[in-house]
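Structure file model-v8.cif (mmCIF, C-alpha atoms) follows.
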```
data_input
#
loop_
_atom_site.label_atom_id
_atom_site.label_comp_id
_atom_site.auth_asym_id
_atom_site.auth_seq_id
_atom_site.Cartn_x
_atom_site.Cartn_y
_atom_site.Cartn_z
CA MET K 11 137.74 81.73 119.28
CA ASN K 12 141.42 80.88 119.62
CA PRO K 13 143.50 84.12 119.45
CA SER K 14 146.11 82.43 117.27
CA LEU K 15 143.36 81.47 114.81
CA ILE K 16 142.12 85.07 114.71
CA GLN K 17 145.65 86.29 113.96
CA ALA K 18 145.94 83.72 111.16
CA ILE K 19 142.92 85.22 109.38
CA PRO K 20 143.79 88.40 107.45
CA LEU K 21 141.98 91.60 108.36
CA SER K 22 140.00 91.55 105.12
CA GLY K 23 138.81 88.02 105.87
CA GLN K 24 137.68 89.08 109.33
CA VAL K 25 135.74 92.02 107.86
CA ILE K 26 134.07 89.73 105.32
CA ASN K 27 133.14 87.24 108.05
CA LEU K 28 131.73 90.12 110.11
CA CYS K 29 129.67 91.26 107.13
CA ALA K 30 128.40 87.69 106.64
CA ALA K 31 127.33 87.52 110.30
CA LEU K 32 125.55 90.87 109.98
CA MET K 33 123.79 89.68 106.81
CA LEU K 34 122.48 86.67 108.70
CA LEU K 35 121.38 88.73 111.72
CA LEU K 36 119.60 91.21 109.45
CA GLY K 37 117.92 88.29 107.69
CA PHE K 38 116.46 87.12 111.01
CA ALA K 39 115.53 90.69 111.94
CA MET K 40 113.62 91.10 108.68
CA LEU K 41 111.93 87.75 109.20
CA SER K 42 110.63 88.83 112.62
CA GLN K 43 109.71 92.40 111.67
CA ARG K 44 106.09 93.57 111.58
CA ARG K 45 106.50 97.27 110.76
CA ILE K 46 106.87 97.88 107.05
CA LEU K 47 108.95 101.04 107.57
CA ALA K 48 111.39 99.16 109.78
CA LEU K 49 111.47 96.30 107.27
CA ILE K 50 112.53 98.66 104.49
CA ASN K 51 115.20 100.19 106.74
CA LEU K 52 116.55 96.72 107.52
CA PHE K 53 116.69 95.99 103.80
CA MET K 54 118.67 99.20 103.33
CA MET K 55 121.08 98.16 106.11
CA GLN K 56 121.51 94.80 104.40
CA GLY K 57 122.41 96.67 101.24
CA VAL K 58 125.05 98.66 103.16
CA VAL K 59 126.59 95.45 104.52
CA LEU K 60 126.56 93.92 101.04
CA PHE K 61 128.26 97.03 99.65
CA VAL K 62 131.01 96.90 102.30
CA SER K 63 131.57 93.18 101.77
CA THR K 64 131.77 93.55 97.97
CA LEU K 65 134.13 96.51 98.29
CA VAL K 66 136.45 94.62 100.65
CA VAL K 67 136.53 91.61 98.32
CA ALA K 68 137.27 93.88 95.35
CA LEU K 69 140.14 95.66 97.09
CA THR K 70 141.59 92.44 98.52
CA THR K 71 141.52 90.36 95.34
CA ASN K 72 142.03 93.13 92.74
CA GLN K 73 138.80 92.10 91.05
CA HIS K 74 138.09 95.49 89.50
CA HIS K 75 134.66 94.55 88.17
CA LEU K 76 133.55 94.12 91.78
CA LEU K 77 134.14 97.84 92.31
CA TRP K 78 131.40 98.47 89.77
CA SER K 79 129.27 95.88 91.54
CA ALA K 80 129.81 97.66 94.85
CA GLY K 81 128.84 100.96 93.23
CA LEU K 82 125.67 99.44 91.77
CA THR K 83 124.81 97.99 95.17
CA LEU K 84 125.25 101.38 96.84
CA VAL K 85 123.20 103.28 94.29
CA LEU K 86 120.49 100.69 93.75
CA LYS K 87 120.00 98.87 97.06
CA VAL K 88 121.04 101.51 99.57
CA ILE K 89 119.66 104.66 97.90
CA ALA K 90 117.25 104.08 95.01
CA LEU K 91 115.14 101.08 96.06
CA PRO K 92 114.62 102.16 99.71
CA TYR K 93 113.66 105.64 98.47
CA ILE K 94 111.15 104.18 96.00
CA LEU K 95 109.68 101.88 98.65
CA HIS K 96 109.37 104.72 101.18
CA ARG K 97 107.60 106.85 98.57
CA LEU K 98 105.24 103.99 97.75
CA ILE K 99 104.18 103.33 101.32
CA ARG K 100 103.69 107.05 101.95
CA ARG K 101 101.46 107.29 98.90
CA LEU K 102 99.61 104.12 99.88
CA SER K 103 99.39 105.11 103.60
CA VAL K 104 100.79 101.73 104.67
CA LYS K 105 102.27 101.51 108.17
CA TRP K 106 101.87 97.95 109.46
CA ASP K 107 102.20 94.38 108.27
CA ILE K 108 100.50 92.33 110.96
CA GLU K 109 99.13 89.25 109.21
CA THR K 110 101.52 86.35 108.67
CA LEU K 111 100.97 82.71 107.84
CA PHE K 112 102.59 81.60 111.12
CA ASN K 113 103.29 83.46 114.33
CA ILE K 114 106.74 85.01 114.74
CA PRO K 115 108.23 82.41 117.16
CA THR K 116 107.24 79.55 114.84
CA THR K 117 108.65 81.40 111.85
CA MET K 118 111.93 82.02 113.66
CA LEU K 119 112.22 78.32 114.58
CA VAL K 120 111.68 77.37 110.95
CA GLY K 121 114.33 79.93 110.03
CA ILE K 122 116.84 78.32 112.40
CA VAL K 123 116.16 74.93 110.80
CA LEU K 124 116.74 76.44 107.36
CA VAL K 125 120.07 77.91 108.52
CA VAL K 126 121.21 74.49 109.73
CA ILE K 127 120.20 72.96 106.39
CA ALA K 128 122.01 75.73 104.49
CA PHE K 129 125.25 75.17 106.37
CA ASN K 130 125.12 71.42 105.78
CA VAL K 131 124.39 71.85 102.07
CA ALA K 132 127.12 74.49 101.63
CA GLN K 133 129.85 72.61 103.52
CA PRO K 134 131.07 70.48 100.57
CA ILE K 135 130.87 73.50 98.26
CA SER K 136 132.97 75.54 100.67
CA GLN K 137 135.64 72.85 100.75
CA MET K 138 135.94 72.91 96.95
CA SER K 139 136.01 76.70 96.68
CA GLY K 140 139.36 78.49 96.59
CA THR K 141 138.12 82.02 97.34
CA ILE K 142 138.86 83.96 100.51
CA THR K 143 135.11 84.16 101.08
CA ARG K 144 134.46 80.41 100.96
CA SER K 145 133.57 80.36 104.66
CA THR K 146 130.58 82.62 104.00
CA ILE K 147 128.88 80.45 101.37
CA GLY K 148 126.72 78.77 104.01
CA ILE K 149 125.59 82.12 105.41
CA ALA K 150 124.82 83.38 101.89
CA LEU K 151 122.62 80.35 101.23
CA ALA K 152 120.97 80.80 104.63
CA CYS K 153 120.14 84.43 103.75
CA VAL K 154 118.47 83.26 100.54
CA LEU K 155 116.39 80.67 102.40
CA LEU K 156 115.37 83.16 105.13
CA ALA K 157 114.25 85.65 102.48
CA PHE K 158 112.27 82.91 100.72
CA LEU K 159 110.62 82.00 104.03
CA MET K 160 109.67 85.63 104.55
CA LEU K 161 108.27 85.72 101.01
CA ILE K 162 105.90 82.80 101.56
CA THR K 163 104.79 83.75 105.10
CA ARG K 164 103.75 87.35 104.39
CA SER K 165 100.27 88.12 103.10
CA LYS K 166 100.80 91.75 102.04
CA ALA K 167 102.29 92.81 98.72
CA VAL K 168 104.94 95.30 99.94
CA PRO K 169 106.68 92.91 102.41
CA GLN K 170 106.69 90.23 99.72
CA VAL K 171 108.51 92.60 97.37
CA VAL K 172 111.05 93.43 100.11
CA ALA K 173 111.52 89.69 100.69
CA PHE K 174 112.14 89.16 96.97
CA LEU K 175 114.74 91.94 96.97
CA ALA K 176 116.37 90.46 100.09
CA MET K 177 116.55 87.11 98.30
CA GLU K 178 118.37 88.81 95.45
CA ASN K 179 120.79 90.26 98.03
CA GLY K 180 121.48 86.75 99.29
CA LEU K 181 122.05 85.44 95.77
CA PHE K 182 124.49 88.25 95.01
CA PHE K 183 126.32 87.61 98.28
CA ALA K 184 126.50 83.91 97.40
CA ALA K 185 127.92 84.72 93.96
CA THR K 186 130.55 86.96 95.53
CA SER K 187 131.41 84.28 98.09
CA ALA K 188 131.70 81.42 95.62
CA THR K 189 133.18 82.97 92.47
CA TYR K 190 134.02 86.62 93.19
CA GLY K 191 130.84 87.82 91.56
CA MET K 192 129.14 87.58 88.19
CA PRO K 193 130.16 89.09 84.84
CA MET K 194 129.42 92.81 84.61
CA VAL K 195 126.94 92.33 81.76
CA VAL K 196 124.91 89.99 83.94
CA GLU K 197 124.99 92.37 86.91
CA LEU K 198 123.90 95.33 84.78
CA GLY K 199 121.09 93.23 83.33
CA ILE K 200 119.92 92.22 86.80
CA ALA K 201 120.08 95.83 88.02
CA LEU K 202 117.97 96.97 85.06
CA ASP K 203 115.48 94.14 85.62
CA VAL K 204 115.13 95.06 89.30
CA MET K 205 114.47 98.73 88.49
CA VAL K 206 111.91 97.89 85.79
CA GLY K 207 110.31 95.36 88.15
CA MET K 208 109.98 98.01 90.87
CA VAL K 209 108.21 100.38 88.48
CA ILE K 210 105.79 97.64 87.42
CA LEU K 211 105.18 96.57 91.02
CA GLY K 212 104.53 100.19 92.00
CA VAL K 213 101.74 100.38 89.44
CA PHE K 214 100.55 96.96 90.61
CA PHE K 215 100.35 98.18 94.24
CA PHE K 216 98.22 101.16 93.31
CA GLN K 217 95.88 98.97 91.25
CA ILE K 218 95.41 96.55 94.16
CA ARG K 219 94.80 99.41 96.59
CA GLN K 220 92.32 101.10 94.27
CA GLN K 221 90.41 97.88 93.62
CA PHE K 222 90.33 96.35 97.11
CA ASP K 223 91.28 99.25 99.43
CA SER K 224 93.95 96.91 100.84
CA LEU K 225 97.32 95.45 99.86
CA ASP K 226 96.42 91.97 101.07
CA ILE K 227 96.91 89.83 97.95
CA ARG K 228 94.49 87.20 99.29
CA HIS K 229 91.67 89.42 98.02
CA MET K 230 92.75 88.46 94.51
CA GLU K 231 91.77 84.83 95.14
CA ARG K 232 88.15 85.70 94.46
CA PHE K 233 89.06 86.07 90.76
CA LYS K 234 90.83 82.74 90.34
CA ASP K 235 87.70 80.89 89.35
CA LYS K 236 86.42 83.58 87.02
#
```
What is this structure when it is put down as structure tokens?
Amino acid sequence: MNPSLIQAIPLSGQVINLCAALMLLLGFAMLSQRRILALINLFMMQGVVLFVSTLVVALTTNQHHLLWSAGLTLVLKVIALPYILHRLIRRLSVKWDIETLFNIPTTMLVGIVLVVIAFNVAQPISQMSGTITRSTIGIALACVLLAFLMLITRSKAVPQVVAFLAMENGLFFAATSATYGMPMVVELGIALDVMVGMVILGVFFFQIRQQFDSLDIRHMERFKDK
């Protein structure tokens, strides 16, 4: 990159762009990951990057509600949810997630195509946006699409839940990039919904394991015609 261009970008903008690049790299790492423990740790790292990005935006733009958003991200996505997921997989004795719809190289190629599509779709939106984070809208959309791809290509319940949570990370990052976040009432409602959803899914996991001795949700297809 041209040094003069780098100097023209404020330090906060460079940090936000770095966080966006890390979000995208972590999205690809999660997409290619087979170990469930490592997948949860990558989700936690994505939460850390999201926390740093939100905090930098809050301090740069004086959007004080984003400080609360950063705090919620730290508590919920860096501490609480990874802890709950680690406890669940220890109780369920889950270590691996081997079965996928496609092999990893094919999935990664599809992911690259989705990133290209995301950047092309987000380009006109970025030009209309007046935020300092407008350059990261394409990456935010790409993170959402990568998480959705992971959701539909995994056959086990726990990785699908992690993919859903990663998709929510991408949506929150997109909201921060496009409009400096959502109203606090909405964010608190989403945080509560995620926590309640995790409790319900925890019970759901134990029921699947008790019934089928496996977390492969394809076993449930035998009941679709009953």
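The nearest approach to Ala31 (chain K) among the residues K:Ala184, K:Ala150, K:Leu159, K:Leu69, with all atoms listed in the file taken into account, belongs to K:Ala150.
Here CA of Val25 (chain K) is placed at a distance of 12.2 Å from CA of Phe61 (chain K).
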Å distance separating CA of Phe112 (chain K) from CA of Thr163 (chain K), one decimal place
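It comes out at 6.8 Å.
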Close residues, Asn179 (chain K) itself excluded, 10 Å, only C-alpha atoms, min 5 positions apart in chain, as a VMD selection string
chain K and resid 33 53 56 to 57 60 83 87 150 153 to 154 157 173 to 174 184 to 185
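Rounded to one decimal, CA of Asn27 (chain K) and CA of Thr146 (chain K) lie 6.7 Å from each other.
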Completion of region 55-72 of chain K up to N, CA, C and O atoms, as a PDB file, in the coordinates of the input:
```pdb
ATOM      1  N   MET K  55     119.884  98.520 105.350  1.00  0.00           N
ATOM      2  CA  MET K  55     121.080  98.160 106.110  1.00  0.00           C
ATOM      3  C   MET K  55     121.743  96.927 105.520  1.00  0.00           C
ATOM      4  O   MET K  55     122.984  96.830 105.471  1.00  0.00           O
ATOM      5  N   GLN K  56     120.946  95.974 105.054  1.00  0.00           N
ATOM      6  CA  GLN K  56     121.510  94.800 104.400  1.00  0.00           C
ATOM      7  C   GLN K  56     122.249  95.193 103.126  1.00  0.00           C
ATOM      8  O   GLN K  56     123.310  94.633 102.810  1.00  0.00           O
ATOM      9  N   GLY K  57     121.723  96.172 102.411  1.00  0.00           N
ATOM     10  CA  GLY K  57     122.410  96.670 101.240  1.00  0.00           C
ATOM     11  C   GLY K  57     123.746  97.329 101.587  1.00  0.00           C
ATOM     12  O   GLY K  57     124.737  97.175 100.860  1.00  0.00           O
ATOM     13  N   VAL K  58     123.797  98.053 102.716  1.00  0.00           N
ATOM     14  CA  VAL K  58     125.050  98.660 103.160  1.00  0.00           C
ATOM     15  C   VAL K  58     126.087  97.596 103.474  1.00  0.00           C
ATOM     16  O   VAL K  58     127.254  97.699 103.081  1.00  0.00           O
ATOM     17  N   VAL K  59     125.665  96.543 104.182  1.00  0.00           N
ATOM     18  CA  VAL K  59     126.590  95.450 104.520  1.00  0.00           C
ATOM     19  C   VAL K  59     127.078  94.757 103.255  1.00  0.00           C
ATOM     20  O   VAL K  59     128.272  94.428 103.124  1.00  0.00           O
ATOM     21  N   LEU K  60     126.174  94.544 102.301  1.00  0.00           N
ATOM     22  CA  LEU K  60     126.560  93.920 101.040  1.00  0.00           C
ATOM     23  C   LEU K  60     127.544  94.794 100.271  1.00  0.00           C
ATOM     24  O   LEU K  60     128.500  94.283  99.665  1.00  0.00           O
ATOM     25  N   PHE K  61     127.327  96.094 100.308  1.00  0.00           N
ATOM     26  CA  PHE K  61     128.260  97.030  99.650  1.00  0.00           C
ATOM     27  C   PHE K  61     129.645  96.956 100.276  1.00  0.00           C
ATOM     28  O   PHE K  61     130.655  96.867  99.562  1.00  0.00           O
ATOM     29  N   VAL K  62     129.709  96.964 101.610  1.00  0.00           N
ATOM     30  CA  VAL K  62     131.010  96.900 102.300  1.00  0.00           C
ATOM     31  C   VAL K  62     131.712  95.588 101.986  1.00  0.00           C
ATOM     32  O   VAL K  62     132.923  95.564 101.685  1.00  0.00           O
ATOM     33  N   SER K  63     130.974  94.484 102.036  1.00  0.00           N
ATOM     34  CA  SER K  63     131.570  93.180 101.770  1.00  0.00           C
ATOM     35  C   SER K  63     132.120  93.104 100.346  1.00  0.00           C
ATOM     36  O   SER K  63     133.250  92.638 100.118  1.00  0.00           O
ATOM     37  N   THR K  64     131.327  93.582  99.369  1.00  0.00           N
ATOM     38  CA  THR K  64     131.770  93.550  97.970  1.00  0.00           C
ATOM     39  C   THR K  64     132.992  94.441  97.772  1.00  0.00           C
ATOM     40  O   THR K  64     133.930  94.077  97.045  1.00  0.00           O
ATOM     41  N   LEU K  65     132.994  95.590  98.412  1.00  0.00           N
ATOM     42  CA  LEU K  65     134.130  96.510  98.290  1.00  0.00           C
ATOM     43  C   LEU K  65     135.400  95.901  98.873  1.00  0.00           C
ATOM     44  O   LEU K  65     136.479  96.007  98.269  1.00  0.00           O
ATOM     45  N   VAL K  66     135.281  95.249 100.028  1.00  0.00           N
ATOM     46  CA  VAL K  66     136.450  94.620 100.650  1.00  0.00           C
ATOM     47  C   VAL K  66     136.991  93.500  99.769  1.00  0.00           C
ATOM     48  O   VAL K  66     138.210  93.377  99.570  1.00  0.00           O
ATOM     49  N   VAL K  67     136.096  92.685  99.217  1.00  0.00           N
ATOM     50  CA  VAL K  67     136.530  91.610  98.320  1.00  0.00           C
ATOM     51  C   VAL K  67     137.225  92.185  97.087  1.00  0.00           C
ATOM     52  O   VAL K  67     138.267  91.679  96.632  1.00  0.00           O
ATOM     53  N   ALA K  68     136.682  93.258  96.538  1.00  0.00           N
ATOM     54  CA  ALA K  68     137.270  93.880  95.350  1.00  0.00           C
ATOM     55  C   ALA K  68     138.670  94.407  95.624  1.00  0.00           C
ATOM     56  O   ALA K  68     139.597  94.208  94.837  1.00  0.00           O
ATOM     57  N   LEU K  69     138.847  95.086  96.761  1.00  0.00           N
ATOM     58  CA  LEU K  69     140.140  95.660  97.090  1.00  0.00           C
ATOM     59  C   LEU K  69     141.158  94.590  97.475  1.00  0.00           C
ATOM     60  O   LEU K  69     142.357  94.747  97.230  1.00  0.00           O
ATOM     61  N   THR K  70     140.686  93.496  98.069  1.00  0.00           N
ATOM     62  CA  THR K  70     141.590  92.440  98.520  1.00  0.00           C
ATOM     63  C   THR K  70     142.088  91.583  97.366  1.00  0.00           C
ATOM     64  O   THR K  70     143.253  91.183  97.322  1.00  0.00           O
ATOM     65  N   THR K  71     141.201  91.304  96.416  1.00  0.00           N
ATOM     66  CA  THR K  71     141.520  90.360  95.340  1.00  0.00           C
ATOM     67  C   THR K  71     141.852  91.039  94.011  1.00  0.00           C
ATOM     68  O   THR K  71     142.136  90.341  93.031  1.00  0.00           O
ATOM     69  N   ASN K  72     141.782  92.387  93.985  1.00  0.00           N
ATOM     70  CA  ASN K  72     142.030  93.130  92.740  1.00  0.00           C
ATOM     71  C   ASN K  72     141.066  92.752  91.627  1.00  0.00           C
ATOM     72  O   ASN K  72     141.420  92.775  90.445  1.00  0.00           O
TER      73      ASN K  72
END
```
